$ cat coords15.cif   # mmCIF, C-alpha atoms
data_data
loop_
_atom_site.label_atom_id
_atom_site.label_comp_id
_atom_site.auth_asym_id
_atom_site.auth_seq_id
_atom_site.Cartn_x
_atom_site.Cartn_y
_atom_site.Cartn_z
CA MET M 1 131.35 -119.76 181.83
CA HIS M 2 133.56 -117.45 179.73
CA ASP M 3 131.88 -118.64 176.52
CA LEU M 4 128.47 -117.88 177.99
CA LEU M 5 129.41 -114.37 179.00
CA ASP M 6 130.81 -113.69 175.52
CA HIS M 7 127.24 -113.74 174.22
CA LEU M 8 126.04 -111.05 176.62
CA PRO M 9 125.78 -107.40 175.57
CA ARG M 10 128.91 -105.32 176.10
CA HIS M 11 128.95 -102.04 177.96
CA ASP M 12 130.61 -100.23 175.05
CA ASP M 13 127.35 -100.45 173.13
CA GLY M 14 125.40 -98.13 175.40
CA LEU M 15 122.27 -97.86 173.26
CA GLN M 16 121.93 -101.61 172.85
CA GLN M 17 122.57 -102.10 176.57
CA ARG M 18 119.78 -99.70 177.50
CA ASP M 19 117.40 -101.33 175.01
CA TYR M 20 118.27 -104.74 176.38
CA ARG M 21 117.61 -103.69 179.99
CA ARG M 22 114.24 -102.25 178.98
CA TYR M 23 113.50 -105.50 177.17
CA LEU M 24 114.40 -107.52 180.29
CA ALA M 25 112.26 -105.29 182.49
CA GLN M 26 109.31 -105.77 180.17
CA ARG M 27 109.75 -109.53 179.87
CA MET M 28 110.78 -110.36 183.44
CA GLY M 29 108.65 -107.84 185.34
CA PRO M 30 105.56 -110.11 185.60
CA MET M 31 107.71 -113.09 186.68
CA ILE M 32 109.50 -111.02 189.35
CA HIS M 33 106.14 -109.79 190.64
CA ALA M 34 104.80 -113.36 190.78
CA LEU M 35 107.86 -114.64 192.66
CA MET M 36 107.59 -111.80 195.18
CA LEU M 37 103.91 -112.59 195.73
CA VAL M 38 104.69 -116.28 196.32
CA ALA M 39 107.55 -115.42 198.72
CA THR M 40 105.29 -113.08 200.70
CA LEU M 41 102.62 -115.77 201.03
CA VAL M 42 105.23 -118.36 202.04
CA TYR M 43 106.51 -116.04 204.77
CA LEU M 44 102.95 -115.57 206.04
CA VAL M 45 102.52 -119.36 206.24
CA ALA M 46 105.88 -119.65 208.04
CA VAL M 47 104.81 -117.07 210.64
CA LEU M 48 101.54 -118.89 211.33
CA ALA M 49 103.22 -122.30 211.43
CA SER M 50 105.93 -121.16 213.86
CA SER M 51 103.30 -119.66 216.13
CA VAL M 52 101.52 -122.99 216.38
CA LEU M 53 104.50 -125.36 216.53
CA GLN M 54 107.31 -123.47 218.29
CA ARG M 55 105.79 -120.63 220.35
CA PRO M 56 108.62 -118.14 219.75
CA LEU M 57 109.40 -115.23 222.06
CA LEU M 58 108.06 -112.55 219.72
CA SER M 59 104.33 -112.22 219.21
CA VAL M 60 102.75 -113.22 215.93
CA TRP M 61 101.85 -109.60 215.20
CA LEU M 62 105.44 -108.44 215.58
CA ARG M 63 106.74 -111.23 213.38
CA ALA M 64 104.03 -110.48 210.82
CA LEU M 65 105.01 -106.83 210.73
CA PRO M 66 107.42 -107.28 207.75
CA LEU M 67 104.50 -108.48 205.66
CA LEU M 68 103.41 -104.88 205.14
CA PRO M 69 106.64 -103.64 203.48
CA LEU M 70 106.93 -106.92 201.57
CA ALA M 71 103.41 -106.46 200.20
CA LEU M 72 104.06 -102.80 199.34
CA VAL M 73 107.24 -103.66 197.40
CA THR M 74 105.38 -106.45 195.62
CA LEU M 75 102.61 -104.08 194.56
CA SER M 76 105.12 -101.44 193.48
CA THR M 77 106.91 -103.99 191.31
CA ARG M 78 103.72 -104.64 189.38
CA GLN M 79 103.66 -100.99 188.31
CA ALA M 80 107.42 -100.60 187.74
CA ARG M 81 108.47 -100.14 184.11
CA ARG M 82 111.93 -98.58 184.38
CA PRO M 83 114.77 -101.15 184.65
CA HIS M 84 116.66 -99.33 187.43
CA LEU M 85 113.52 -98.99 189.54
CA LEU M 86 112.67 -102.66 189.05
CA SER M 87 116.21 -103.67 190.03
CA ALA M 88 116.11 -101.51 193.17
CA LEU M 89 112.73 -102.94 194.21
CA THR M 90 113.95 -106.49 193.64
CA LEU M 91 117.05 -105.96 195.79
CA LEU M 92 114.95 -104.24 198.49
CA PHE M 93 112.55 -107.18 198.56
CA VAL M 94 115.36 -109.70 199.07
CA VAL M 95 116.80 -107.60 201.91
CA LEU M 96 113.38 -107.37 203.56
CA LEU M 97 112.85 -111.10 203.12
CA GLU M 98 116.17 -111.92 204.81
CA VAL M 99 115.37 -109.57 207.70
CA SER M 100 111.91 -111.11 208.01
CA ILE M 101 113.30 -114.65 208.18
CA ASN M 102 115.72 -113.65 210.94
CA LEU M 103 112.92 -111.93 212.85
CA ASN M 104 110.65 -114.97 212.56
CA THR M 105 113.34 -117.24 214.08
CA PHE M 106 114.23 -114.89 216.96
CA GLY M 107 114.28 -116.77 220.26
CA ASN M 108 114.29 -120.21 218.63
CA PRO M 109 117.07 -122.31 220.25
CA HIS M 110 117.41 -124.32 217.03
CA ARG M 111 117.42 -121.32 214.73
CA GLN M 112 120.50 -122.58 212.88
CA THR M 113 118.28 -125.23 211.28
CA MET M 114 116.53 -122.38 209.43
CA VAL M 115 119.76 -121.73 207.55
CA LEU M 116 119.14 -124.63 205.18
CA PRO M 117 116.21 -122.99 203.30
CA GLY M 118 118.37 -119.88 202.98
CA LEU M 119 120.79 -121.87 200.85
CA LEU M 120 118.09 -122.18 198.20
CA LEU M 121 117.54 -118.42 197.92
CA PRO M 122 120.53 -117.74 195.59
CA VAL M 123 119.32 -120.43 193.16
CA VAL M 124 115.66 -119.36 193.34
CA SER M 125 116.52 -115.68 192.87
CA SER M 126 119.03 -116.26 190.05
CA VAL M 127 116.36 -115.58 187.40
CA ILE M 128 115.21 -112.19 188.69
CA TRP M 129 118.35 -110.04 188.37
CA LEU M 130 118.39 -107.77 185.31
CA GLY M 131 122.10 -106.91 185.29
CA ARG M 132 125.45 -108.24 186.42
CA TRP M 133 125.79 -105.80 189.31
CA ASP M 134 122.22 -106.56 190.37
CA PHE M 135 123.18 -110.22 190.51
CA VAL M 136 126.36 -109.54 192.50
CA ALA M 137 124.50 -107.38 195.05
CA GLY M 138 121.74 -109.98 195.30
CA MET M 139 124.19 -112.81 195.94
CA ILE M 140 125.91 -110.79 198.67
CA VAL M 141 122.58 -110.24 200.39
CA CYS M 142 121.68 -113.92 200.03
CA ALA M 143 125.04 -114.96 201.50
CA LEU M 144 124.96 -112.55 204.46
CA GLY M 145 121.26 -112.93 205.26
CA PRO M 146 121.37 -116.30 207.10
CA LEU M 147 124.54 -115.46 209.07
CA PRO M 148 122.73 -113.93 212.08
CA MET M 149 120.67 -117.11 212.50
CA LEU M 150 123.84 -119.18 212.27
CA LEU M 151 126.18 -117.13 214.45
CA LEU M 152 123.65 -116.35 217.20
CA GLY M 153 122.41 -119.91 217.43
CA ASN M 154 124.02 -123.00 218.91
CA SER M 155 126.37 -123.46 215.97
CA ASP M 156 129.95 -124.65 216.09
CA ASP M 157 132.82 -123.97 213.70
CA VAL M 158 132.06 -127.06 211.62
CA GLN M 159 128.53 -125.87 210.88
CA VAL M 160 129.82 -122.42 209.91
CA VAL M 161 132.34 -123.95 207.49
CA GLN M 162 129.65 -126.21 206.05
CA TYR M 163 127.40 -123.22 205.54
CA LEU M 164 130.14 -121.31 203.70
CA ILE M 165 130.85 -124.28 201.43
CA TYR M 166 127.18 -124.92 200.64
CA MET M 167 126.49 -121.22 200.05
CA ALA M 168 129.47 -120.99 197.68
CA VAL M 169 128.12 -123.97 195.72
CA ALA M 170 124.65 -122.39 195.63
CA ILE M 171 126.02 -119.08 194.33
CA VAL M 172 128.09 -120.81 191.63
CA LEU M 173 125.00 -122.76 190.56
CA ALA M 174 122.99 -119.53 190.51
CA ALA M 175 125.67 -117.88 188.35
CA VAL M 176 125.54 -120.75 185.84
CA LEU M 177 121.73 -120.65 185.68
CA ARG M 178 121.72 -116.89 185.21
CA ALA M 179 124.40 -117.06 182.49
CA PHE M 180 122.39 -119.60 180.49
CA MET M 181 119.17 -117.66 180.94
CA ALA M 182 120.84 -114.35 180.08
CA ARG M 183 122.30 -115.80 176.88
CA THR M 184 118.90 -117.18 175.87
CA LEU M 185 117.13 -113.89 176.56
CA PHE M 186 119.79 -111.87 174.75
CA GLU M 187 119.59 -114.09 171.67
CA GLN M 188 115.81 -113.73 171.72
CA PHE M 189 116.22 -109.94 172.12
CA ARG M 190 118.55 -109.76 169.10
CA LEU M 191 116.23 -111.95 167.01
CA GLU M 192 113.16 -109.83 167.82
CA ARG M 193 115.13 -106.66 167.18
CA ARG M 194 116.36 -107.98 163.83
CA LEU M 195 112.84 -108.96 162.81
CA ARG M 196 111.53 -105.50 163.77
CA GLU M 197 114.29 -103.84 161.78
CA GLN M 198 113.53 -105.99 158.74
CA ALA M 199 109.84 -105.11 159.02
CA ASN M 200 110.48 -101.38 159.50
CA THR M 201 113.52 -100.60 157.37
CA ASP M 202 114.29 -100.62 153.67
CA GLY M 203 116.38 -103.62 152.74
CA LEU M 204 118.62 -101.70 150.33
CA THR M 205 119.39 -98.47 152.18
CA GLY M 206 118.68 -99.45 155.79
CA LEU M 207 116.46 -96.37 156.21
CA LEU M 208 112.92 -96.38 157.54
CA LEU M 209 110.19 -97.58 155.24
CA ARG M 210 107.50 -95.06 154.34
CA ASN M 211 104.84 -96.38 156.72
CA ARG M 212 107.27 -96.64 159.63
CA PHE M 213 108.60 -93.16 158.94
CA LEU M 214 105.06 -91.78 159.00
CA GLN M 215 104.24 -93.63 162.21
CA LEU M 216 107.34 -92.41 164.07
CA SER M 217 106.93 -88.90 162.67
CA ARG M 218 103.41 -88.66 164.09
CA LEU M 219 104.73 -89.54 167.53
CA ALA M 220 107.65 -87.13 167.18
CA LEU M 221 105.41 -84.27 166.04
CA ALA M 222 103.10 -84.80 169.01
CA ASP M 223 106.08 -84.52 171.35
CA ILE M 224 107.41 -81.48 169.47
CA ARG M 225 104.10 -79.66 169.82
CA HIS M 226 103.88 -80.57 173.49
CA ARG M 227 107.34 -79.07 174.07
CA LYS M 228 106.55 -76.09 171.81
CA LEU M 229 109.60 -76.65 169.61
CA PRO M 230 110.04 -75.86 165.90
CA ALA M 231 110.45 -78.66 163.37
CA CYS M 232 111.16 -78.97 159.66
CA VAL M 233 110.83 -81.60 156.98
CA LEU M 234 113.26 -82.16 154.12
CA TYR M 235 112.20 -83.89 150.92
CA LEU M 236 115.10 -85.16 148.80
CA ASP M 237 115.13 -86.51 145.25
CA ALA M 238 118.23 -87.77 143.44
CA ASP M 239 118.76 -85.86 140.19
CA HIS M 240 118.91 -87.62 136.81
CA PHE M 241 118.46 -91.02 138.41
CA LYS M 242 116.58 -92.75 135.59
CA PRO M 243 119.40 -92.21 133.05
CA LEU M 244 121.81 -93.76 135.58
CA ASN M 245 119.73 -96.94 135.72
CA ASP M 246 119.17 -96.98 131.97
CA ASP M 247 122.79 -96.39 130.96
CA PHE M 248 124.70 -98.26 133.68
CA GLY M 249 122.20 -100.75 135.10
CA HIS M 250 120.27 -101.03 138.32
CA ALA M 251 123.36 -102.17 140.23
CA ALA M 252 124.89 -98.74 139.68
CA GLY M 253 121.63 -97.11 140.77
CA ASP M 254 121.49 -99.23 143.91
CA ALA M 255 125.09 -98.34 144.76
CA ALA M 256 124.27 -94.64 144.38
CA LEU M 257 121.24 -94.95 146.68
CA ILE M 258 123.25 -96.83 149.29
CA ALA M 259 125.96 -94.16 149.24
CA MET M 260 123.34 -91.42 149.47
CA ALA M 261 121.63 -93.10 152.42
CA GLY M 262 124.98 -93.52 154.18
CA THR M 263 125.73 -89.82 153.75
CA MET M 264 122.32 -88.88 155.14
CA ARG M 265 122.86 -91.08 158.20
CA ARG M 266 126.23 -89.47 158.87
CA GLN M 267 124.66 -86.01 158.62
CA MET M 268 121.67 -86.74 160.85
CA ARG M 269 121.33 -85.93 164.55
CA PRO M 270 120.14 -88.44 167.18
CA ASP M 271 116.53 -87.12 167.09
CA ASP M 272 116.25 -86.89 163.30
CA LEU M 273 114.13 -89.37 161.34
CA ILE M 274 114.97 -90.47 157.80
CA GLY M 275 112.74 -92.54 155.55
CA ARG M 276 112.81 -93.81 152.00
CA ILE M 277 109.57 -92.49 150.56
CA GLY M 278 109.89 -93.76 147.00
CA GLY M 279 112.45 -95.14 144.59
CA GLU M 280 115.01 -92.33 144.80
CA GLU M 281 113.01 -90.05 147.10
CA PHE M 282 113.75 -89.57 150.80
CA ALA M 283 112.30 -87.54 153.66
CA MET M 284 113.86 -86.27 156.86
CA LEU M 285 112.11 -84.90 159.96
CA MET M 286 114.35 -82.52 161.90
CA PRO M 287 112.96 -81.61 165.35
CA GLY M 288 114.12 -78.42 167.04
CA LEU M 289 115.18 -76.56 163.86
CA ASP M 290 113.45 -73.56 162.35
CA LEU M 291 113.31 -72.92 158.61
CA ALA M 292 116.61 -71.03 158.42
CA GLN M 293 118.49 -73.65 160.43
CA ALA M 294 116.99 -76.54 158.47
CA THR M 295 117.80 -74.83 155.15
CA GLN M 296 121.42 -74.49 156.25
CA ARG M 297 121.52 -78.16 157.23
CA ALA M 298 119.94 -79.10 153.89
CA GLU M 299 122.67 -77.18 152.06
CA GLN M 300 125.35 -79.03 154.02
CA LEU M 301 123.65 -82.31 153.14
CA ARG M 302 123.47 -81.34 149.45
CA LEU M 303 127.21 -80.62 149.38
CA ALA M 304 128.00 -83.91 151.15
CA ILE M 305 125.91 -85.86 148.62
CA HIS M 306 127.57 -83.95 145.79
CA ALA M 307 130.87 -85.55 146.85
CA ILE M 308 129.51 -89.00 145.90
CA GLN M 309 130.93 -90.21 142.58
CA ARG M 310 128.54 -91.87 140.12
CA PRO M 311 129.65 -93.63 136.91
CA ASP M 312 128.38 -90.63 134.95
CA GLY M 313 129.78 -87.94 137.27
CA ARG M 314 129.03 -86.36 140.60
CA MET M 315 125.79 -87.19 142.33
CA SER M 316 123.38 -84.33 142.93
CA VAL M 317 120.13 -83.98 144.81
CA SER M 318 117.25 -81.51 144.89
CA ILE M 319 115.93 -80.73 148.37
CA GLY M 320 112.71 -79.09 149.50
CA VAL M 321 112.47 -77.67 153.02
CA VAL M 322 109.31 -76.70 154.93
CA GLU M 323 108.67 -75.73 158.53
CA CYS M 324 105.92 -77.28 160.59
CA ARG M 325 103.03 -74.89 161.13
CA PRO M 326 101.94 -74.01 164.67
CA ASP M 327 98.62 -75.82 164.23
CA ASP M 328 98.22 -79.59 164.27
CA GLU M 329 99.65 -80.13 160.80
CA ALA M 330 99.88 -83.82 159.86
CA ILE M 331 103.10 -85.36 158.61
CA GLU M 332 101.36 -86.21 155.32
CA THR M 333 100.61 -82.51 154.74
CA LEU M 334 104.19 -81.60 155.58
CA LEU M 335 105.45 -84.11 153.01
CA ILE M 336 103.15 -82.68 150.35
CA ARG M 337 104.47 -79.17 150.99
CA ALA M 338 108.08 -80.38 151.10
CA ASP M 339 107.57 -82.32 147.85
CA ARG M 340 106.22 -79.13 146.27
CA ALA M 341 109.33 -77.23 147.41
CA MET M 342 111.55 -79.99 146.04
CA ARG M 343 109.89 -79.75 142.64
CA GLN M 344 110.50 -76.03 142.76
CA ALA M 345 114.21 -76.83 143.18
CA LYS M 346 113.97 -79.17 140.18
CA ARG M 347 112.43 -76.48 138.01
CA ALA M 348 115.10 -74.00 139.08
CA GLY M 349 117.84 -76.23 137.69
CA ARG M 350 118.29 -79.13 140.18
CA ASP M 351 121.20 -79.64 142.60
CA ARG M 352 119.88 -77.01 144.99
CA VAL M 353 117.77 -76.37 148.06
CA ALA M 354 114.37 -74.66 147.95
CA SER M 355 112.36 -73.68 150.99
CA ALA M 356 108.65 -72.98 151.26
CA VAL M 357 107.03 -70.63 153.74
CA ASP M 358 103.41 -71.14 152.68
#
$ encode --input "coords15.cif" --output "structure tokens"
Amino acid sequence: MHDLLDHLPRHDDGLQQRDYRRYLAQRMGPMIHALMLVATLVYLVAVLASSVLQRPLLSVWLRALPLLPLALVTLSTRQARRPHLLSALTLLFVVLLEVSINLNTFGNPHRQTMVLPGLLLPVVSSVIWLGRWDFVAGMIVCALGPLPMLLLGNSDDVQVVQYLIYMAVAIVLAAVLRAFMARTLFEQFRLERRLREQANTDGLTGLLLRNRFLQLSRLALADIRHRKLPACVLYLDADHFKPLNDDFGHAAGDAALIAMAGTMRRQMRPDDLIGRIGGEEFAMLMPGLDLAQATQRAEQLRLAIHAIQRPDGRMSVSIGVVECRPDDEAIETLLIRADRAMRQAKRAGRDRVASAVD
């Protein structure tokens, strides 16, 4: 069991944990909805069957009353996309199902015989819990749910002990099944994430490829305009890069680009986007900054890159800065303007920042 849990995501990686829970909600949501639908239909059949075979004290309409909340939770689960909401709905459904089963057996002198199907619930529900605490809460509900039927029926101490033993075995089995399934899903999550990163990021620098940068920038700009925030684009070009490759080889050039990309990542904020646009050319979208703020950040970035040591001396970069216009300016237009500002920095002597207000 310990080896299985070692493969699960750790809580110290908060971003990966949140991504993983969203992944589980997306993958497991349809299955959870289907299981809830089946359980609701099974309870309906149980109500009708008990009315015909046992004639319980409560009327069929009263015992069928829980079908309404069960159906509502099932329908809500179909629309749920957020992991915490899906977890809460799943736990609520199990609670309602346990209450419904107890209500359906009310007045039955042999109600303790209904405990046996309840032993299957931990195993059946082991695949629907998104997180560890969801699983723990679910197992507690599954263990406590059949107790009213057992304690209020004609049960003796031996039957109670048997129930506790069988329920413990069922919960252990459910924990093993969930651990194996969680490991499989997490490995699949990591594989899909790795494949997406390989498809969207530059293999040398680890930054976004041009097309992915443009795609994410379009989405970011739409959100920026909706929130009425400023935004700026930086266009960076490494100075005197061709002589570095010619005199010291492409390995030295690659090392310089890797160091430059690492410096840019350390300087970026969580909402910034960085892409490799060309060989030694990079672009950065900086939401929430006006032209003066972005120019100051660009100067800080230029100084940080200047600290990188190349075989032929210090590394330098020319940076162009432009601010997004209030109209619906496309990211491609912003890059053209930022590239123009960068070339202005080149003509002014390189190793500097130039901003454009046009």
$ resolve_selection --input "coords15.cif" --expression "the PyMOL selection byres ((chain M and resi 252) around 12)" --output "PyMOL selection string"
chain M and resi 241-251+253-259+309-312+315
$ residues_around --input "coords15.cif" --residues "region 274-276 of chain M" --least-positions-apart "4" --cutoff "12 Å" --atoms "all atoms listed in the file" --output "ChimeraX atom specification"
/M:200-217,233-238,257-258,260-270,280-287,335
$ write_last_selection --input "coords15.cif" --atoms "C-alpha atoms" --output "mmCIF file, keeping the file's coordinate frame"
data_model
loop_
_atom_site.group_PDB
_atom_site.id
_atom_site.type_symbol
_atom_site.label_atom_id
_atom_site.label_comp_id
_atom_site.auth_asym_id
_atom_site.auth_seq_id
_atom_site.Cartn_x
_atom_site.Cartn_y
_atom_site.Cartn_z
ATOM 1 C CA ASN M 200 110.480 -101.380 159.500
ATOM 2 C CA THR M 201 113.520 -100.600 157.370
ATOM 3 C CA ASP M 202 114.290 -100.620 153.670
ATOM 4 C CA GLY M 203 116.380 -103.620 152.740
ATOM 5 C CA LEU M 204 118.620 -101.700 150.330
ATOM 6 C CA THR M 205 119.390 -98.470 152.180
ATOM 7 C CA GLY M 206 118.680 -99.450 155.790
ATOM 8 C CA LEU M 207 116.460 -96.370 156.210
ATOM 9 C CA LEU M 208 112.920 -96.380 157.540
ATOM 10 C CA LEU M 209 110.190 -97.580 155.240
ATOM 11 C CA ARG M 210 107.500 -95.060 154.340
ATOM 12 C CA ASN M 211 104.840 -96.380 156.720
ATOM 13 C CA ARG M 212 107.270 -96.640 159.630
ATOM 14 C CA PHE M 213 108.600 -93.160 158.940
ATOM 15 C CA LEU M 214 105.060 -91.780 159.000
ATOM 16 C CA GLN M 215 104.240 -93.630 162.210
ATOM 17 C CA LEU M 216 107.340 -92.410 164.070
ATOM 18 C CA SER M 217 106.930 -88.900 162.670
ATOM 19 C CA VAL M 233 110.830 -81.600 156.980
ATOM 20 C CA LEU M 234 113.260 -82.160 154.120
ATOM 21 C CA TYR M 235 112.200 -83.890 150.920
ATOM 22 C CA LEU M 236 115.100 -85.160 148.800
ATOM 23 C CA ASP M 237 115.130 -86.510 145.250
ATOM 24 C CA ALA M 238 118.230 -87.770 143.440
ATOM 25 C CA LEU M 257 121.240 -94.950 146.680
ATOM 26 C CA ILE M 258 123.250 -96.830 149.290
ATOM 27 C CA MET M 260 123.340 -91.420 149.470
ATOM 28 C CA ALA M 261 121.630 -93.100 152.420
ATOM 29 C CA GLY M 262 124.980 -93.520 154.180
ATOM 30 C CA THR M 263 125.730 -89.820 153.750
ATOM 31 C CA MET M 264 122.320 -88.880 155.140
ATOM 32 C CA ARG M 265 122.860 -91.080 158.200
ATOM 33 C CA ARG M 266 126.230 -89.470 158.870
ATOM 34 C CA GLN M 267 124.660 -86.010 158.620
ATOM 35 C CA MET M 268 121.670 -86.740 160.850
ATOM 36 C CA ARG M 269 121.330 -85.930 164.550
ATOM 37 C CA PRO M 270 120.140 -88.440 167.180
ATOM 38 C CA GLU M 280 115.010 -92.330 144.800
ATOM 39 C CA GLU M 281 113.010 -90.050 147.100
ATOM 40 C CA PHE M 282 113.750 -89.570 150.800
ATOM 41 C CA ALA M 283 112.300 -87.540 153.660
ATOM 42 C CA MET M 284 113.860 -86.270 156.860
ATOM 43 C CA LEU M 285 112.110 -84.900 159.960
ATOM 44 C CA MET M 286 114.350 -82.520 161.900
ATOM 45 C CA PRO M 287 112.960 -81.610 165.350
ATOM 46 C CA LEU M 335 105.450 -84.110 153.010
#
$ atom_distance --input "coords15.cif" --atom1 "CA of Leu119 (chain M)" --atom2 "CA of Arg78 (chain M)"
26.8 Å
$ residues_around --input "coords15.cif" --residues "region 167-176 of chain M" --least-positions-apart "6" --cutoff "7 Å" --atoms "only C-alpha atoms" --output "PyMOL selection string"
chain M and resi 119+122-123+126+139+143
$ closest_residue --input "coords15.cif" --among "M:Cys232, M:Ile277, M:Leu289, M:Leu65" --to "Ser100 (chain M)" --atoms "all atoms listed in the file"
M:Leu65
$ axis_aligned_box --input "coords15.cif" --around "region 260-273 of chain M" --padding-each-side "5 Å" --output "AutoDock Vina command-line options"
--center_x 120.2 --center_y -89.7 --center_z 158.3 --size_x 22.1 --size_y 17.6 --size_z 27.7
$ closest_residue --input "coords15.cif" --among "M:Ala341, M:Leu75, M:Leu152, M:Leu229" --to "Gly288 (chain M)" --atoms "all atoms listed in the file"
M:Leu229
$ resolve_selection --input "coords15.cif" --expression "the PyMOL selection byres ((chain M and resi 345) around 10)" --output "PDB file with C-alpha atoms, in the frame of the given file"
ATOM      1  CA  ASP M 237     115.130 -86.510 145.250  1.00  0.00           C
ATOM      2  CA  VAL M 317     120.130 -83.980 144.810  1.00  0.00           C
ATOM      3  CA  SER M 318     117.250 -81.510 144.890  1.00  0.00           C
ATOM      4  CA  ILE M 319     115.930 -80.730 148.370  1.00  0.00           C
ATOM      5  CA  GLY M 320     112.710 -79.090 149.500  1.00  0.00           C
ATOM      6  CA  ASP M 339     107.570 -82.320 147.850  1.00  0.00           C
ATOM      7  CA  ARG M 340     106.220 -79.130 146.270  1.00  0.00           C
ATOM      8  CA  ALA M 341     109.330 -77.230 147.410  1.00  0.00           C
ATOM      9  CA  MET M 342     111.550 -79.990 146.040  1.00  0.00           C
ATOM     10  CA  ARG M 343     109.890 -79.750 142.640  1.00  0.00           C
ATOM     11  CA  GLN M 344     110.500 -76.030 142.760  1.00  0.00           C
ATOM     12  CA  LYS M 346     113.970 -79.170 140.180  1.00  0.00           C
ATOM     13  CA  ARG M 347     112.430 -76.480 138.010  1.00  0.00           C
ATOM     14  CA  ALA M 348     115.100 -74.000 139.080  1.00  0.00           C
ATOM     15  CA  GLY M 349     117.840 -76.230 137.690  1.00  0.00           C
ATOM     16  CA  ARG M 350     118.290 -79.130 140.180  1.00  0.00           C
ATOM     17  CA  ASP M 351     121.200 -79.640 142.600  1.00  0.00           C
ATOM     18  CA  ARG M 352     119.880 -77.010 144.990  1.00  0.00           C
ATOM     19  CA  VAL M 353     117.770 -76.370 148.060  1.00  0.00           C
ATOM     20  CA  ALA M 354     114.370 -74.660 147.950  1.00  0.00           C
ATOM     21  CA  SER M 355     112.360 -73.680 150.990  1.00  0.00           C
TER      22      SER M 355
END
$ resolve_selection --input "coords15.cif" --expression "the PyMOL selection byres ((chain M and resi 31-44) around 6)" --output "ChimeraX atom specification"
/M:28-30,45-47,74,77-78,128
$ residues_around --input "coords15.cif" --residues "Arg82 (chain M)" --least-positions-apart "6" --cutoff "12 Å" --atoms "only C-alpha atoms" --output "ChimeraX atom specification"
/M:18-26,28-29,76,88-89,130
$ closest_residue --input "coords15.cif" --among "M:Leu273, M:Leu301, M:Leu191, M:Ile224" --to "Asp328 (chain M)" --atoms "all atoms listed in the file"
M:Ile224
$ residues_around --input "coords15.cif" --residues "His306 (chain M)" --least-positions-apart "3" --cutoff "7 Å" --atoms "only C-alpha atoms" --output "list in words"
Arg302, Leu303, Arg314, Met315 and Ser316 of chain M
$ write_last_selection --input "coords15.cif" --atoms "C-alpha atoms" --output "compact mmCIF listing (two decimals), in the coordinates of the input"
# COMPACT_ATOMS: atom_id res chain seq x y z
CA ARG M 302 123.47 -81.34 149.45
CA LEU M 303 127.21 -80.62 149.38
CA ARG M 314 129.03 -86.36 140.60
CA MET M 315 125.79 -87.19 142.33
CA SER M 316 123.38 -84.33 142.93
